[in-house]
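Asks: Sharing target_30.cif, mmCIF, C-alpha atoms:
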```cif
data_input
#
loop_
_atom_site.group_PDB
_atom_site.id
_atom_site.type_symbol
_atom_site.label_atom_id
_atom_site.label_comp_id
_atom_site.auth_asym_id
_atom_site.auth_seq_id
_atom_site.Cartn_x
_atom_site.Cartn_y
_atom_site.Cartn_z
ATOM 1 C CA MET A 1 73.917 47.669 97.038
ATOM 2 C CA ILE A 2 73.663 48.782 100.656
ATOM 3 C CA GLU A 3 76.740 50.515 101.974
ATOM 4 C CA GLN A 4 77.784 49.063 105.292
ATOM 5 C CA SER A 5 78.934 51.096 108.249
ATOM 6 C CA PRO A 6 82.668 51.095 108.831
ATOM 7 C CA ARG A 7 83.943 48.506 111.267
ATOM 8 C CA VAL A 8 86.451 49.610 113.895
ATOM 9 C CA PHE A 9 89.569 47.499 114.351
ATOM 10 C CA ARG A 10 92.465 47.541 116.755
ATOM 11 C CA VAL A 11 95.468 46.488 114.715
ATOM 12 C CA THR A 12 98.762 45.597 116.381
ATOM 13 C CA VAL A 13 101.841 45.106 114.229
ATOM 14 C CA ARG A 14 104.667 43.421 116.132
ATOM 15 C CA GLY A 15 108.249 42.874 115.097
ATOM 16 C CA ARG A 16 111.886 42.962 116.064
ATOM 17 C CA PHE A 17 114.522 45.550 115.372
ATOM 18 C CA ALA A 18 117.304 44.419 113.036
ATOM 19 C CA LEU A 19 120.591 45.968 111.967
ATOM 20 C CA LEU A 20 119.956 49.341 113.605
ATOM 21 C CA SER A 21 122.379 52.048 112.590
ATOM 22 C CA ASP A 22 124.263 53.828 115.379
ATOM 23 C CA PRO A 23 122.131 57.013 115.011
ATOM 24 C CA ALA A 24 118.885 54.966 115.080
ATOM 25 C CA HIS A 25 120.085 53.043 118.131
ATOM 26 C CA ARG A 26 121.008 56.257 119.977
ATOM 27 C CA TYR A 27 117.679 57.880 119.087
ATOM 28 C CA LEU A 28 115.642 54.883 120.240
ATOM 29 C CA ALA A 29 117.603 54.535 123.484
ATOM 30 C CA ALA A 30 117.177 58.225 124.304
ATOM 31 C CA ALA A 31 113.428 58.229 123.529
ATOM 32 C CA GLN A 32 112.505 54.875 125.064
ATOM 33 C CA GLN A 33 110.611 56.264 128.080
ATOM 34 C CA GLU A 34 108.314 58.174 125.710
ATOM 35 C CA HIS A 35 107.428 54.888 123.988
ATOM 36 C CA ASP A 36 106.584 52.727 126.986
ATOM 37 C CA ILE A 37 103.915 50.086 126.380
ATOM 38 C CA PHE A 38 101.962 51.172 129.471
ATOM 39 C CA THR A 39 101.315 54.654 128.071
ATOM 40 C CA SER A 40 100.306 53.576 124.572
ATOM 41 C CA ALA A 41 96.922 53.657 122.861
ATOM 42 C CA TYR A 42 95.316 52.614 119.595
ATOM 43 C CA THR A 43 95.192 55.709 117.381
ATOM 44 C CA PRO A 44 94.541 56.381 113.684
ATOM 45 C CA GLU A 45 98.123 57.642 113.231
ATOM 46 C CA GLY A 46 99.601 54.764 115.237
ATOM 47 C CA THR A 47 101.426 54.459 118.544
ATOM 48 C CA PHE A 48 104.987 53.125 118.572
ATOM 49 C CA THR A 49 106.234 51.224 121.616
ATOM 50 C CA TYR A 50 109.331 49.142 122.239
ATOM 51 C CA ASP A 51 111.316 47.475 124.981
ATOM 52 C CA ALA A 52 114.382 48.950 126.694
ATOM 53 C CA LYS A 53 116.642 46.279 125.153
ATOM 54 C CA LEU A 54 115.719 47.630 121.683
ATOM 55 C CA ASP A 55 114.724 44.158 120.593
ATOM 56 C CA PHE A 56 110.914 43.996 120.223
ATOM 57 C CA PHE A 57 108.480 46.726 119.159
ATOM 58 C CA ASN A 58 104.841 47.164 118.303
ATOM 59 C CA LEU A 59 102.728 49.690 116.478
ATOM 60 C CA ARG A 60 99.082 50.108 117.472
ATOM 61 C CA TYR A 61 96.512 51.460 115.044
ATOM 62 C CA GLU A 62 92.794 52.094 115.120
ATOM 63 C CA ILE A 63 91.593 51.402 111.599
ATOM 64 C CA ARG A 64 88.072 51.797 110.242
ATOM 65 C CA SER A 65 87.075 49.807 107.184
ATOM 66 C CA SER A 66 83.966 49.321 105.066
ATOM 67 C CA ALA A 67 85.700 46.967 102.621
ATOM 68 C CA ASP A 68 84.141 43.653 101.584
ATOM 69 C CA GLN A 69 86.686 41.895 103.809
ATOM 70 C CA PRO A 70 87.173 44.561 106.491
ATOM 71 C CA ALA A 71 89.462 42.554 108.801
ATOM 72 C CA ASP A 72 91.779 41.650 105.916
ATOM 73 C CA ASP A 73 91.736 45.279 104.756
ATOM 74 C CA ALA A 74 92.576 46.503 108.273
ATOM 75 C CA ALA A 75 95.436 43.989 108.574
ATOM 76 C CA GLN A 76 96.928 45.027 105.229
ATOM 77 C CA ARG A 77 96.586 48.731 105.984
ATOM 78 C CA GLY A 78 98.233 48.219 109.395
ATOM 79 C CA MET A 79 101.163 46.373 107.820
ATOM 80 C CA ASP A 80 101.504 49.050 105.140
ATOM 81 C CA GLU A 81 101.480 51.856 107.728
ATOM 82 C CA ALA A 82 104.016 50.043 109.920
ATOM 83 C CA SER A 83 106.368 49.395 106.990
ATOM 84 C CA LEU A 84 106.098 53.016 105.886
ATOM 85 C CA PHE A 85 106.798 54.326 109.408
ATOM 86 C CA LEU A 86 109.753 52.013 110.013
ATOM 87 C CA GLY A 87 111.220 52.807 106.604
ATOM 88 C CA THR A 88 110.761 56.549 107.031
ATOM 89 C CA MET A 89 112.469 56.431 110.423
ATOM 90 C CA LYS A 90 115.190 54.169 108.970
ATOM 91 C CA PHE A 91 114.647 51.524 111.662
ATOM 92 C CA GLY A 92 115.753 48.100 110.473
ATOM 93 C CA TYR A 93 113.217 45.400 111.302
ATOM 94 C CA ARG A 94 112.265 41.762 110.815
ATOM 95 C CA ASP A 95 109.552 39.251 111.668
ATOM 96 C CA LEU A 96 106.540 41.565 111.264
ATOM 97 C CA ARG A 97 103.211 40.009 112.182
ATOM 98 C CA VAL A 98 99.779 41.518 112.608
ATOM 99 C CA ASP A 99 96.883 40.926 115.010
ATOM 100 C CA VAL A 100 93.430 42.361 114.325
ATOM 101 C CA VAL A 101 90.567 42.730 116.808
ATOM 102 C CA ASP A 102 87.126 43.764 115.556
ATOM 103 C CA MET A 103 86.000 46.210 118.230
ATOM 104 C CA THR A 104 82.631 46.718 116.526
ATOM 105 C CA ALA A 105 81.804 43.031 117.008
ATOM 106 C CA MET A 106 82.848 43.244 120.662
ATOM 107 C CA TRP A 107 80.667 46.285 121.233
ATOM 108 C CA ASP A 108 77.738 44.604 119.440
ATOM 109 C CA SER A 109 77.982 41.548 121.720
ATOM 110 C CA VAL A 110 78.046 43.766 124.818
ATOM 111 C CA ARG A 111 74.888 45.550 123.644
ATOM 112 C CA ARG A 112 73.065 42.211 123.253
#
```
Translate the structure of the given file into structure tokens.
Replies:
Amino acid sequence: MIEQSPRVFRVTVRGRFALLSDPAHRYLAAAQQEHDIFTSAYTPEGTFTYDAKLDFFNLRYEIRSSADQPADDAAQRGMDEASLFLGTMKFGYRDLRVDVVDMTAMWDSVRR
């Protein structure tokens, strides 16, 4: 079996805050400028951005996968990372959804 090169994906996990504790709300409000959408990037560790109303947020990941179904693998890994981050930070959330863009395919089409 030939091992395939890893594909590079930009994974965006979007959701809404829910039932934030007072300490979480204060922390997010104080740090909001550091998490502005216009200064975010797709990174392996993830970039967390959210709106000033503390309603919507997104996490942006760059995920590489050589799995048989690399887009599905990237989507699942992005959701797992987002859930772990939000749980660790004790940020209540709801309505998570994921978008996956195969950057390798985009770069391949540009080269052609």
Asks: Spell out the residues picked by the PyMOL selection byres ((chain A and resi 94) around 6) here, as a PyMOL selection string.
Replies: chain A and resi 15-16+93+95-96
Asks: Please determine, counting all atoms listed in the file, which residue among A:Ile63, A:Arg77, A:Asn58, A:Ala41 has the shortest atom-to-atom distance to Pro6 (chain A).
Replies: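 Among the listed residues, A:Ile63 lies closest to Pro6 (chain A).
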Asks: Which residue is closest to Val8 (chain A)? Choose from A:Phe85, A:Tyr42, A:Phe56, A:Tyr50 and count only C-alpha atoms.
Replies: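 Among A:Phe85, A:Tyr42, A:Phe56, A:Tyr50, it is A:Tyr42 that comes nearest to Val8 (chain A).
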Asks: Restricting the calculation to all atoms listed in the file, which member of A:Ala24, A:Asp68, A:Met103, A:Thr43 is positioned closest to Thr88 (chain A)?
Replies: A:Ala24
Asks: List, as a PyMOL selection string, every residue that the PyMOL selection byres ((chain A and resi 66) around 10) selects in the file provided.
Replies: chain A and resi 3-8+64-65+67-71+73-74
Asks: Which is closer to Gln32 (chain A) than all the others in A:Asp80, A:Glu45, A:Asp102, A:Asp51, using only C-alpha atoms?
Replies: A:Asp51
Asks: What would the selection look like, as a list in words, if the PyMOL selection byres ((chain A and resi 12) around 8) were run on the coordinates I just shared?
Replies: Arg10, Val11, Val13, Arg14, Asn58, Leu59, Arg60, Tyr61, Gly78, Val98, Asp99 and Val100 of chain A
Asks: Calculated over only C-alpha atoms, which of the candidates A:Ser40, A:Tyr27, A:Arg97, A:Glu62 has the smallest distance to Met79 (chain A)?
Replies: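 The closest residue to Met79 (chain A) is A:Arg97.
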Asks: Within 10 Å of Pro23 (chain A), counting all atoms listed in the file, which residues qualify if same-chain residues fewer than 4 places away don't, as a PDB file with C-alpha atoms, keeping the file's coordinate frame?
Replies:
```pdb
ATOM      1  CA  TYR A  27     117.679  57.880 119.087  1.00  0.00           C
ATOM      2  CA  LEU A  28     115.642  54.883 120.240  1.00  0.00           C
ATOM      3  CA  ALA A  29     117.603  54.535 123.484  1.00  0.00           C
ATOM      4  CA  LYS A  90     115.190  54.169 108.970  1.00  0.00           C
ATOM      5  CA  PHE A  91     114.647  51.524 111.662  1.00  0.00           C
TER       6      PHE A  91
END
```
Asks: Given the choices A:Ala75, A:Ala30, A:Ala52, A:Ala105, which gets closest to Phe17 (chain A) if the distance is worked out from only C-alpha atoms?
Replies: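 Residue with the minimum atom-to-atom distance to Phe17 (chain A): A:Ala52.
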Asks: Please measure the separation of CA of Gln33 (chain A) and CA of Thr49 (chain A), giving the value in Å to one decimal.
Replies: 9.3 Å
Asks: What is the distance, in Å and to one decimal place, between CA of Gly46 (chain A) and CA of Leu19 (chain A)?
Replies: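 So the answer is 23.0 Å.
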Asks: Give me, please, the distance in Å between CA of His35 (chain A) and CA of Phe48 (chain A), quoted to one decimal.
Replies: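 Between these atoms lies a distance of 6.2 Å.
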